[in-house]
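One file, run-v4.pdb, is given below (PDB, C-alpha atoms).
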```
MODEL        1
ATOM      1  CA  MET A   1      27.376  22.107  21.722
ATOM      2  CA  SER A   2      29.717  20.517  19.211
ATOM      3  CA  ALA A   3      28.682  17.704  17.003
ATOM      4  CA  THR A   4      31.141  15.451  18.738
ATOM      5  CA  SER A   5      29.788  16.068  22.202
ATOM      6  CA  MET A   6      26.212  15.943  20.990
ATOM      7  CA  PHE A   7      26.663  12.615  19.290
ATOM      8  CA  GLY A   8      28.947  11.048  21.846
ATOM      9  CA  GLY A   9      31.987  11.015  19.583
ATOM     10  CA  ALA A  10      30.426   8.815  16.951
ATOM     11  CA  ALA A  11      31.023  11.512  14.360
ATOM     12  CA  GLU A  12      34.763  11.044  14.392
ATOM     13  CA  GLY A  13      37.438   8.443  14.738
ATOM     14  CA  SER A  14      36.081   4.966  14.429
ATOM     15  CA  LEU A  15      33.007   6.078  12.454
ATOM     16  CA  GLY A  16      31.120   3.541  14.432
ATOM     17  CA  PHE A  17      32.768   0.603  12.685
ATOM     18  CA  ASP A  18      33.711  -0.905  16.002
ATOM     19  CA  ARG A  19      30.040  -1.754  16.326
ATOM     20  CA  LEU A  20      30.379  -4.036  13.335
ATOM     21  CA  VAL A  21      30.719  -6.993  15.615
ATOM     22  CA  PHE A  22      27.110  -6.455  16.505
ATOM     23  CA  ALA A  23      26.021  -5.732  12.966
ATOM     24  CA  PRO A  24      22.360  -6.440  12.410
ATOM     25  CA  LYS A  25      22.906  -9.235   9.880
ATOM     26  CA  ARG A  26      22.066 -11.699  12.593
ATOM     27  CA  ALA A  27      18.918  -9.819  13.392
ATOM     28  CA  GLN A  28      17.759 -10.444   9.858
ATOM     29  CA  THR A  29      17.002 -14.068  10.491
ATOM     30  CA  ARG A  30      13.402 -13.356  11.330
ATOM     31  CA  SER A  31      11.186 -16.328  11.557
ATOM     32  CA  ALA A  32       7.924 -16.508   9.694
ATOM     33  CA  THR A  33       6.088 -17.343  12.865
ATOM     34  CA  ASN A  34       4.924 -14.886  15.436
ATOM     35  CA  GLU A  35       7.142 -15.109  18.473
ATOM     36  CA  ASP A  36       5.332 -12.425  20.418
ATOM     37  CA  PRO A  37       2.499 -14.154  22.282
ATOM     38  CA  ILE A  38       0.854 -10.840  23.165
ATOM     39  CA  GLU A  39       0.833  -9.868  19.514
ATOM     40  CA  ALA A  40      -0.615 -13.225  18.515
ATOM     41  CA  ARG A  41      -3.346 -12.835  21.129
ATOM     42  CA  ALA A  42      -4.058  -9.278  20.019
ATOM     43  CA  ILE A  43      -4.439 -10.379  16.389
ATOM     44  CA  ALA A  44      -6.749 -13.205  17.400
ATOM     45  CA  ALA A  45      -8.841 -10.787  19.480
ATOM     46  CA  VAL A  46      -9.056  -8.256  16.640
ATOM     47  CA  LYS A  47     -10.130 -11.019  14.286
ATOM     48  CA  ALA A  48     -12.797 -11.990  16.791
ATOM     49  CA  GLY A  49     -14.125  -8.435  16.723
ATOM     50  CA  ASP A  50     -12.324  -6.804  19.644
ATOM     51  CA  ALA A  51     -11.197  -3.545  18.037
ATOM     52  CA  ALA A  52      -9.614  -2.311  21.272
ATOM     53  CA  SER A  53      -6.933  -4.982  21.002
ATOM     54  CA  TYR A  54      -5.703  -3.305  17.851
ATOM     55  CA  ASP A  55      -4.132  -0.579  20.016
ATOM     56  CA  TYR A  56      -1.332  -2.925  20.946
ATOM     57  CA  LEU A  57      -0.421  -3.545  17.309
ATOM     58  CA  VAL A  58      -0.628   0.146  16.454
ATOM     59  CA  SER A  59       1.633   1.176  19.294
ATOM     60  CA  LYS A  60       4.095  -1.646  18.678
ATOM     61  CA  TYR A  61       4.624  -0.889  14.982
ATOM     62  CA  MET A  62       3.895   2.835  14.917
ATOM     63  CA  LYS A  63       7.481   4.140  14.859
ATOM     64  CA  ARG A  64       8.694   1.695  12.268
ATOM     65  CA  VAL A  65       5.710   2.253  10.002
ATOM     66  CA  ILE A  66       6.153   6.033  10.093
ATOM     67  CA  SER A  67       9.878   5.692   9.504
ATOM     68  CA  ILE A  68       9.368   3.455   6.468
ATOM     69  CA  ALA A  69       6.772   5.840   5.052
ATOM     70  CA  TRP A  70       8.942   8.888   5.728
ATOM     71  CA  GLY A  71      11.967   7.198   4.164
ATOM     72  CA  ILE A  72      10.058   6.850   0.911
ATOM     73  CA  VAL A  73       8.032  10.066   0.746
ATOM     74  CA  ARG A  74      10.418  12.241   2.818
ATOM     75  CA  ASN A  75       7.676  14.366   4.203
ATOM     76  CA  PRO A  76       6.436  14.078   7.799
ATOM     77  CA  ALA A  77       2.845  15.100   7.028
ATOM     78  CA  ASP A  78       2.545  12.547   4.229
ATOM     79  CA  ALA A  79       4.230   9.919   6.394
ATOM     80  CA  GLU A  80       1.694  10.570   9.142
ATOM     81  CA  ASP A  81      -1.236  10.216   6.753
ATOM     82  CA  LEU A  82       0.258   7.081   5.249
ATOM     83  CA  ALA A  83       0.810   5.471   8.631
ATOM     84  CA  GLN A  84      -2.772   6.204   9.619
ATOM     85  CA  GLU A  85      -4.095   4.858   6.338
ATOM     86  CA  ALA A  86      -1.939   1.741   6.571
ATOM     87  CA  PHE A  87      -3.182   0.866  10.050
ATOM     88  CA  VAL A  88      -6.811   1.382   9.071
ATOM     89  CA  LYS A  89      -6.352  -0.655   5.906
ATOM     90  CA  ALA A  90      -4.675  -3.454   7.854
ATOM     91  CA  PHE A  91      -7.562  -3.464  10.330
ATOM     92  CA  GLU A  92     -10.135  -3.637   7.557
ATOM     93  CA  SER A  93      -8.469  -6.656   5.992
ATOM     94  CA  VAL A  94      -7.351  -8.376   9.191
ATOM     95  CA  GLY A  95      -9.708 -11.227   8.351
ATOM     96  CA  ARG A  96      -7.347 -12.226   5.549
ATOM     97  CA  PHE A  97      -4.305 -12.134   7.809
ATOM     98  CA  LYS A  98      -2.868 -15.578   8.478
ATOM     99  CA  SER A  99      -2.902 -16.400  12.170
ATOM    100  CA  GLY A 100       0.463 -17.181  13.670
ATOM    101  CA  GLU A 101       2.417 -14.926  11.340
ATOM    102  CA  PRO A 102       4.060 -11.740  12.546
ATOM    103  CA  PHE A 103       2.113  -8.565  11.924
ATOM    104  CA  GLY A 104       5.207  -6.492  11.096
ATOM    105  CA  PRO A 105       5.979  -7.600   7.523
ATOM    106  CA  TRP A 106       2.315  -7.288   6.654
ATOM    107  CA  ILE A 107       1.885  -3.727   7.867
ATOM    108  CA  TYR A 108       5.280  -2.770   6.370
ATOM    109  CA  ARG A 109       4.115  -4.068   3.011
ATOM    110  CA  ILE A 110       0.885  -2.108   3.242
ATOM    111  CA  VAL A 111       2.598   1.147   4.132
ATOM    112  CA  THR A 112       5.275   0.643   1.477
ATOM    113  CA  ASN A 113       2.654   0.104  -1.204
ATOM    114  CA  LEU A 114       0.775   3.203  -0.109
ATOM    115  CA  ALA A 115       3.980   5.242  -0.087
ATOM    116  CA  LEU A 116       4.943   3.972  -3.551
ATOM    117  CA  ASP A 117       1.509   5.039  -4.785
ATOM    118  CA  VAL A 118       2.162   8.523  -3.422
ATOM    119  CA  MET A 119       5.487   8.613  -5.260
ATOM    120  CA  LYS A 120       3.798   7.563  -8.501
ATOM    121  CA  HIS A 121       1.213  10.284  -8.010
ATOM    122  CA  ARG A 122       3.932  12.838  -7.351
ATOM    123  CA  LYS A 123       5.774  11.825 -10.489
ATOM    124  CA  ARG A 124       2.615  12.250 -12.511
ATOM    125  CA  PHE A 125       1.978  15.716 -11.137
ATOM    126  CA  ARG A 126       5.569  16.801 -10.783
ATOM    127  CA  HIS A 127       4.899  20.044 -12.653
ATOM    128  CA  GLU A 128       2.710  21.127  -9.764
ATOM    129  CA  GLU A 129       5.516  21.007  -7.280
ATOM    130  CA  ILE A 130       6.373  24.171  -5.441
ATOM    131  CA  SER A 131      10.032  24.152  -6.288
ATOM    132  CA  ASP A 132      11.486  23.093  -9.609
ATOM    133  CA  ALA A 133      14.995  22.956  -8.299
ATOM    134  CA  VAL A 134      14.405  20.700  -5.322
ATOM    135  CA  PRO A 135      11.858  17.907  -5.663
ATOM    136  CA  SER A 136       9.426  17.861  -2.762
ATOM    137  CA  GLU A 137      10.454  14.434  -1.573
ATOM    138  CA  ARG A 138      13.969  15.712  -1.059
ATOM    139  CA  ARG A 139      12.965  18.952   0.608
ATOM    140  CA  ASP A 140      12.687  17.742   4.148
ATOM    141  CA  ARG A 141      16.272  17.222   5.068
ATOM    142  CA  ALA A 142      15.657  19.458   8.073
ATOM    143  CA  ASP A 143      13.439  16.686   9.426
ATOM    144  CA  LEU A 144      16.333  14.319   9.734
ATOM    145  CA  PRO A 145      16.505  12.937  13.227
ATOM    146  CA  ALA A 146      18.315  15.384  15.443
ATOM    147  CA  ILE A 147      20.771  12.748  16.561
ATOM    148  CA  ALA A 148      22.014  12.029  13.060
ATOM    149  CA  ASN A 149      25.702  12.810  12.985
ATOM    150  CA  GLU A 150      27.645  14.187  10.069
ATOM    151  CA  LEU A 151      28.496  10.751   8.737
ATOM    152  CA  ALA A 152      24.853   9.726   8.855
ATOM    153  CA  ARG A 153      23.910  12.936   7.072
ATOM    154  CA  ARG A 154      26.411  12.182   4.317
ATOM    155  CA  ILE A 155      24.983   8.711   3.970
ATOM    156  CA  ASP A 156      21.539  10.273   3.807
ATOM    157  CA  ARG A 157      22.607  12.657   1.048
ATOM    158  CA  GLY A 158      24.191   9.739  -0.785
ATOM    159  CA  ILE A 159      21.033   7.657  -0.569
ATOM    160  CA  GLU A 160      18.864  10.600  -1.615
ATOM    161  CA  SER A 161      20.971  11.179  -4.718
ATOM    162  CA  LEU A 162      20.201   7.677  -6.034
ATOM    163  CA  PRO A 163      17.530   6.948  -8.654
ATOM    164  CA  GLU A 164      14.161   6.307  -7.082
ATOM    165  CA  MET A 165      13.983   2.533  -6.747
ATOM    166  CA  GLN A 166      17.649   2.269  -5.776
ATOM    167  CA  ARG A 167      17.001   4.936  -3.185
ATOM    168  CA  ILE A 168      13.983   3.136  -1.755
ATOM    169  CA  VAL A 169      15.675  -0.264  -1.700
ATOM    170  CA  ALA A 170      18.872   1.175  -0.222
ATOM    171  CA  ARG A 171      16.934   3.014   2.466
ATOM    172  CA  LEU A 172      14.919  -0.042   3.432
ATOM    173  CA  TYR A 173      18.083  -2.126   3.560
ATOM    174  CA  LEU A 174      20.455   0.311   5.224
ATOM    175  CA  VAL A 175      18.226   2.426   7.427
ATOM    176  CA  GLU A 176      15.361   0.081   8.234
ATOM    177  CA  GLU A 177      17.684  -2.928   8.254
ATOM    178  CA  LEU A 178      15.327  -5.137   6.341
ATOM    179  CA  GLY A 179      16.473  -8.215   4.455
ATOM    180  CA  HIS A 180      16.398  -8.776   0.696
ATOM    181  CA  SER A 181      13.361 -11.023   0.803
ATOM    182  CA  GLU A 182      11.471  -8.664   3.098
ATOM    183  CA  ILE A 183      12.174  -5.730   0.771
ATOM    184  CA  ALA A 184      11.123  -7.828  -2.205
ATOM    185  CA  THR A 185       7.821  -8.663  -0.522
ATOM    186  CA  MET A 186       7.211  -5.076   0.534
ATOM    187  CA  THR A 187       7.978  -3.476  -2.811
ATOM    188  CA  GLY A 188       6.621  -6.171  -5.097
ATOM    189  CA  LEU A 189      10.012  -6.567  -6.767
ATOM    190  CA  SER A 190      11.752  -9.894  -7.191
ATOM    191  CA  GLU A 191      14.569 -10.671  -4.815
ATOM    192  CA  GLY A 192      17.001 -10.591  -7.728
ATOM    193  CA  THR A 193      15.866  -7.093  -8.667
ATOM    194  CA  VAL A 194      16.272  -5.973  -5.070
ATOM    195  CA  ARG A 195      19.820  -7.324  -5.036
ATOM    196  CA  SER A 196      20.512  -5.638  -8.347
ATOM    197  CA  HIS A 197      19.228  -2.262  -7.106
ATOM    198  CA  LEU A 198      21.246  -2.666  -3.971
ATOM    199  CA  SER A 199      24.369  -3.560  -5.876
ATOM    200  CA  LEU A 200      24.052  -0.466  -8.081
ATOM    201  CA  ALA A 201      23.332   1.672  -5.025
ATOM    202  CA  ARG A 202      26.330   0.242  -3.245
ATOM    203  CA  GLY A 203      28.613   1.170  -6.146
ATOM    204  CA  LYS A 204      27.375   4.741  -6.203
ATOM    205  CA  LEU A 205      27.479   5.118  -2.442
ATOM    206  CA  LYS A 206      30.982   3.741  -2.350
ATOM    207  CA  GLU A 207      32.082   6.432  -4.776
ATOM    208  CA  LYS A 208      30.333   9.186  -2.868
ATOM    209  CA  LEU A 209      31.612   8.036   0.489
ATOM    210  CA  ALA A 210      35.025   6.969  -0.727
ATOM    211  CA  ASP A 211      36.877   9.296   1.626
ATOM    212  CA  LEU A 212      35.136   7.741   4.573
ATOM    213  CA  HIS A 213      35.670   4.175   3.524
ATOM    214  CA  GLY A 214      39.213   3.916   2.257
ATOM    215  CA  GLY A 215      38.882   5.811  -1.020
ATOM    216  CA  SER A 216      38.677   2.898  -3.465
ATOM    217  CA  ASN A 217      35.861   1.250  -5.232
ATOM    218  CA  ASP A 218      37.258  -2.241  -5.277
TER     219      ASP A 218
ATOM    220  CA  MET B 219      34.814  -9.518  -3.182
ATOM    221  CA  ILE B 220      31.257 -10.321  -2.184
ATOM    222  CA  ASP B 221      32.295 -10.239   1.447
ATOM    223  CA  GLU B 222      33.840  -6.817   0.871
ATOM    224  CA  HIS B 223      30.607  -5.525  -0.623
ATOM    225  CA  GLU B 224      28.607  -6.998   2.212
ATOM    226  CA  ASP B 225      31.045  -5.537   4.675
ATOM    227  CA  PHE B 226      30.679  -2.078   3.135
ATOM    228  CA  LEU B 227      26.912  -2.231   3.365
ATOM    229  CA  GLU B 228      27.070  -3.531   6.925
ATOM    230  CA  ARG B 229      29.283  -0.606   7.892
ATOM    231  CA  LEU B 230      26.857   1.792   6.276
ATOM    232  CA  ARG B 231      23.968   0.128   8.053
ATOM    233  CA  THR B 232      25.546   0.694  11.403
ATOM    234  CA  ASP B 233      25.648   4.436  10.851
ATOM    235  CA  ALA B 234      22.536   4.731   8.725
ATOM    236  CA  ARG B 235      20.440   3.380  11.569
ATOM    237  CA  GLN B 236      20.425   6.904  12.987
ATOM    238  CA  LEU B 237      18.547   8.053   9.903
ATOM    239  CA  ARG B 238      15.353   6.369  10.978
ATOM    240  CA  PHE B 239      12.586   8.856  11.425
ATOM    241  CA  GLU B 240      11.569   9.027  15.055
ATOM    242  CA  PRO B 241       8.069  10.442  15.447
ATOM    243  CA  ASP B 242       7.537  12.518  18.545
ATOM    244  CA  GLU B 243       5.011  11.462  21.122
ATOM    245  CA  MET B 244       2.439  13.941  19.883
ATOM    246  CA  MET B 245       2.587  12.561  16.353
ATOM    247  CA  SER B 246       2.295   8.976  17.579
ATOM    248  CA  ASN B 247      -0.647   9.821  19.817
ATOM    249  CA  ARG B 248      -2.357  11.718  17.031
ATOM    250  CA  ILE B 249      -2.067   8.805  14.622
ATOM    251  CA  ALA B 250      -3.196   6.281  17.236
ATOM    252  CA  ALA B 251      -6.204   8.443  18.096
ATOM    253  CA  ARG B 252      -7.210   8.859  14.455
ATOM    254  CA  VAL B 253      -6.853   5.158  13.780
ATOM    255  CA  ARG B 254      -8.954   4.404  16.856
ATOM    256  CA  GLU B 255     -11.573   6.921  15.767
ATOM    257  CA  ARG B 256     -11.838   5.554  12.240
ATOM    258  CA  ILE B 257     -12.014   1.978  13.441
ATOM    259  CA  ALA B 258     -14.734   2.876  15.941
ATOM    260  CA  ALA B 259     -16.714   4.684  13.258
ATOM    261  CA  GLU B 260     -16.467   1.641  11.015
ATOM    262  CA  SER B 261     -17.536  -0.695  13.805
ATOM    263  CA  HIS B 262     -20.613   1.397  14.605
ATOM    264  CA  ALA B 263     -21.576   1.598  11.011
ATOM    265  CA  GLY B 264     -20.827  -2.078  10.597
ATOM    266  CA  ILE B 265     -24.335  -3.567  10.525
ATOM    267  CA  ALA B 266     -25.791  -0.753   8.476
ATOM    268  CA  PHE B 267     -22.830  -0.995   6.151
ATOM    269  CA  VAL B 268     -23.189  -4.749   5.670
ATOM    270  CA  LEU B 269     -26.924  -4.458   5.089
ATOM    271  CA  ALA B 270     -26.442  -1.621   2.662
ATOM    272  CA  ARG B 271     -23.746  -3.543   0.860
ATOM    273  CA  TRP B 272     -26.044  -6.539   0.373
ATOM    274  CA  PHE B 273     -29.292  -4.715  -0.228
ATOM    275  CA  ARG B 274     -28.057  -2.096  -2.621
ATOM    276  CA  PRO B 275     -27.369  -4.531  -5.481
ATOM    277  CA  VAL B 276     -30.563  -6.459  -4.756
ATOM    278  CA  VAL B 277     -32.634  -3.284  -4.881
ATOM    279  CA  ALA B 278     -30.828  -2.186  -8.018
ATOM    280  CA  SER B 279     -31.515  -5.558  -9.696
ATOM    281  CA  LEU B 280     -35.185  -5.482  -8.742
ATOM    282  CA  ALA B 281     -35.539  -1.931  -9.988
ATOM    283  CA  THR B 282     -33.955  -2.909 -13.294
ATOM    284  CA  LEU B 283     -36.289  -5.901 -13.620
ATOM    285  CA  ALA B 284     -39.337  -3.734 -12.867
ATOM    286  CA  LEU B 285     -38.247  -1.199 -15.438
ATOM    287  CA  VAL B 286     -37.693  -3.872 -18.076
ATOM    288  CA  ALA B 287     -41.091  -5.433 -17.298
ATOM    289  CA  ALA B 288     -42.868  -2.077 -17.514
ATOM    290  CA  LEU B 289     -41.201  -1.268 -20.806
ATOM    291  CA  GLY B 290     -42.031  -4.721 -22.127
ATOM    292  CA  VAL B 291     -45.699  -4.433 -21.230
ATOM    293  CA  GLN B 292     -45.896  -1.015 -22.770
ATOM    294  CA  TRP B 293     -44.241  -2.244 -25.948
ATOM    295  CA  LEU B 294     -46.636  -5.158 -26.190
ATOM    296  CA  GLU B 295     -49.576  -2.837 -25.738
ATOM    297  CA  GLN B 296     -48.369  -0.480 -28.407
ATOM    298  CA  SER B 297     -47.317  -3.131 -30.928
ATOM    299  CA  PRO B 298     -49.585  -3.237 -34.049
ATOM    300  CA  ARG B 299     -52.688  -5.362 -33.432
ATOM    301  CA  ASP B 300     -53.816  -7.892 -35.994
ATOM    302  CA  VAL B 301     -55.055  -6.003 -39.038
ATOM    303  CA  PRO B 302     -58.755  -6.762 -39.578
ATOM    304  CA  GLY B 303     -59.298  -9.081 -42.511
ATOM    305  CA  THR B 304     -56.051 -10.958 -42.262
ATOM    306  CA  THR B 305     -57.219 -13.889 -40.128
ATOM    307  CA  LEU B 306     -58.836 -16.992 -41.593
ATOM    308  CA  ASP B 307     -62.159 -16.150 -39.975
ATOM    309  CA  ALA B 308     -62.076 -12.686 -41.404
ATOM    310  CA  LEU B 309     -61.196 -13.956 -44.871
ATOM    311  CA  ALA B 310     -63.972 -16.502 -44.705
ATOM    312  CA  SER B 311     -66.511 -13.885 -43.715
ATOM    313  CA  THR B 312     -65.649 -11.407 -46.444
ATOM    314  CA  GLN B 313     -64.899 -13.540 -49.471
ATOM    315  CA  THR B 314     -67.032 -15.900 -51.531
ATOM    316  CA  VAL B 315     -65.661 -19.266 -52.595
ATOM    317  CA  ASP B 316     -66.976 -20.825 -55.797
ATOM    318  CA  ILE B 317     -66.996 -24.624 -56.034
ATOM    319  CA  SER B 318     -67.811 -26.367 -59.331
ATOM    320  CA  VAL B 319     -69.074 -29.952 -59.216
ATOM    321  CA  GLY B 320     -70.294 -31.738 -62.356
ATOM    322  CA  GLY B 321     -70.876 -28.539 -64.280
ATOM    323  CA  ASP B 322     -72.794 -26.905 -61.452
ATOM    324  CA  THR B 323     -71.213 -24.053 -59.611
ATOM    325  CA  PHE B 324     -71.924 -23.517 -55.972
ATOM    326  CA  SER B 325     -71.044 -20.338 -54.256
ATOM    327  CA  VAL B 326     -70.099 -20.580 -50.578
ATOM    328  CA  GLU B 327     -70.014 -17.425 -48.488
TER     329      GLU B 327
ENDMDL
END
```
Here is a file; write its structure as C-alpha cells.
Amino acid sequence: MSATSMFGGAAEGSLGFDRLVFAPKRAQTRSATNEDPIEARAIAAVKAGDAASYDYLVSKYMKRVISIAWGIVRNPADAEDLAQEAFVKAFESVGRFKSGEPFGPWIYRIVTNLALDVMKHRKRFRHEEISDAVPSERRDRADLPAIANELARRIDRGIESLPEMQRIVARLYLVEELGHSEIATMTGLSEGTVRSHLSLARGKLKEKLADLHGGSND
Amino acid sequence: MIDEHEDFLERLRTDARQLRFEPDEMMSNRIAARVRERIAAESHAGIAFVLARWFRPVVASLATLALVAALGVQWLEQSPRDVPGTTLDALASTQTVDISVGGDTFSVE
C-alpha cells in the first residue's frame, strides 16, 4: 500500500493546508469553567468519596494524558507509567481541586510535571543510557502513530531536533494544540517564555521545512 | 509578519495533529485497571492510614518525652549529693564558736 493511498492523499499536493479554514485556533478559546455536566458531577462524586466515579475522568482524559507524556518522554512504557501515576496523584489531591473548573488542564499539568521530572532524571543519568549516539527519548520514532504521513514525520523530526524546552513547548503547541497560557501553566514557565521558545522553534522549523513551506524564512 | 508566523504554525498544527500518540485499547485498559486498583487499595487502607498518620507522631512525641523524663530522673539520682559538713546544721554541729563578753569567753558548741 502506498503512502498516498494509506493516508488518503494527505501526503501530497495540498499538504493539508486546505484544512486551514478549520484551524484549531478557535478551539483554543477554552473557558475556565467546566462545560461538561457529567464531568462536573463525576468530580463532585469523587470528592464526596465515590471512587468509582473517577473512571469517567480516567477514560475521558486517558488518550490525551498518554499523548502528552509520550510527547515529552518519547517512550511508550514511560508514558504509560506516567499516565497511571498522574491519575493516581490527581485522585489523591482531588480535595484541592476547585469545583466547577475543567479537569483537563489540571491533569495535563500533573502529567507534564511528572514527565519533566523524568527528563531531568534522564539528563542526570545520561551516561547510563544504552546508546550514546541516539538519546533514549529520541529512540522511539518507530512508535509514531501509524497514520502519520511523510509530512508529519518530517515535522516530527524537526520538532525532535530542537533543544529540550523548545521541543516540549513546540510539541504541546503544535501536536497537542494547547494555547500559550495552558502551556505556561503546565510547564511552570511564564507565558512570555513560552512565546519565546515557540518563536525560536518556529524559526528553526521554518528552515528545516523550507521546501514544504515556500523555501523562505521571512 | 506576525500573521505570517502564526499562519506557519497553524499550518504545521494541522499536519502535526497526526503525531499525537494514540494508545491502543489494551494500553488504555491496563492503565485504567491499575489506576482503579491503586485507588481501591488506598480507599481500603484509608482509615488505618489516617489513624497511623495521626498516631505515629503522637506516639513518637510521647516516647521522646518518656525517654527525656527517664534520663532526667537518672541524672538527678546520680548527681552529687550534698557533701556532709557543708550545710549550716553540719557546720554548727562540728565547730565551736567562741564569744567574748566583758573579758569572759564563752564557748558555744
Neighbours of A:Gln166 within 10 Å (only C-alpha atoms; same-chain residues fewer than 4 positions away dropped), as an MDAnalysis selection string? chainID A and resid 159:162 170:172 193:202
Figure out the distance between atom CA of A:Pro102 and atom CA of B:Arg238, please, to one decimal in Å.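 So the two atoms, atom CA of B:Arg238 and atom CA of A:Pro102, lie 21.4 Å apart.
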Using the chain letters and numbering of this document, enumerate as a ChimeraX atom specification the residues selected by the PyMOL selection byres ((chain B) within 9 of (chain A)). /B:219,222-223,225-241,245-250,252-254,256-258,260-261
Selection to disk with C-alpha atoms, as a short mmCIF file (atom, residue, chain, number, x, y, z; two decimals), keeping the file's coordinate frame:
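Contents of selection27.cif, as written:
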```
data_model
loop_
_atom_site.label_atom_id
_atom_site.label_comp_id
_atom_site.auth_asym_id
_atom_site.auth_seq_id
_atom_site.Cartn_x
_atom_site.Cartn_y
_atom_site.Cartn_z
CA MET B 219 34.81 -9.52 -3.18
CA GLU B 222 33.84 -6.82 0.87
CA HIS B 223 30.61 -5.52 -0.62
CA ASP B 225 31.04 -5.54 4.68
CA PHE B 226 30.68 -2.08 3.14
CA LEU B 227 26.91 -2.23 3.36
CA GLU B 228 27.07 -3.53 6.92
CA ARG B 229 29.28 -0.61 7.89
CA LEU B 230 26.86 1.79 6.28
CA ARG B 231 23.97 0.13 8.05
CA THR B 232 25.55 0.69 11.40
CA ASP B 233 25.65 4.44 10.85
CA ALA B 234 22.54 4.73 8.72
CA ARG B 235 20.44 3.38 11.57
CA GLN B 236 20.42 6.90 12.99
CA LEU B 237 18.55 8.05 9.90
CA ARG B 238 15.35 6.37 10.98
CA PHE B 239 12.59 8.86 11.42
CA GLU B 240 11.57 9.03 15.06
CA PRO B 241 8.07 10.44 15.45
CA MET B 245 2.59 12.56 16.35
CA SER B 246 2.30 8.98 17.58
CA ASN B 247 -0.65 9.82 19.82
CA ARG B 248 -2.36 11.72 17.03
CA ILE B 249 -2.07 8.80 14.62
CA ALA B 250 -3.20 6.28 17.24
CA ARG B 252 -7.21 8.86 14.46
CA VAL B 253 -6.85 5.16 13.78
CA ARG B 254 -8.95 4.40 16.86
CA ARG B 256 -11.84 5.55 12.24
CA ILE B 257 -12.01 1.98 13.44
CA ALA B 258 -14.73 2.88 15.94
CA GLU B 260 -16.47 1.64 11.02
CA SER B 261 -17.54 -0.70 13.80
#
```
Could you work out an axis-aligned box for stretch 273-286 of chain B, taking every atom the file lists and adding 8 Å on each side, and report centre and edge lengths in Å to one decimal, as JSON?
```
{"center_x": -33.4, "center_y": -3.8, "center_z": -9.2, "size_x": 28.0, "size_y": 21.3, "size_z": 33.8}
```
Record the distance separating atom CA of A:Glu191 and atom CA of A:Gly179, expressed in Å with one decimal.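 Straight-line distance from atom CA of A:Glu191 to atom CA of A:Gly179 works out to 9.8 Å.
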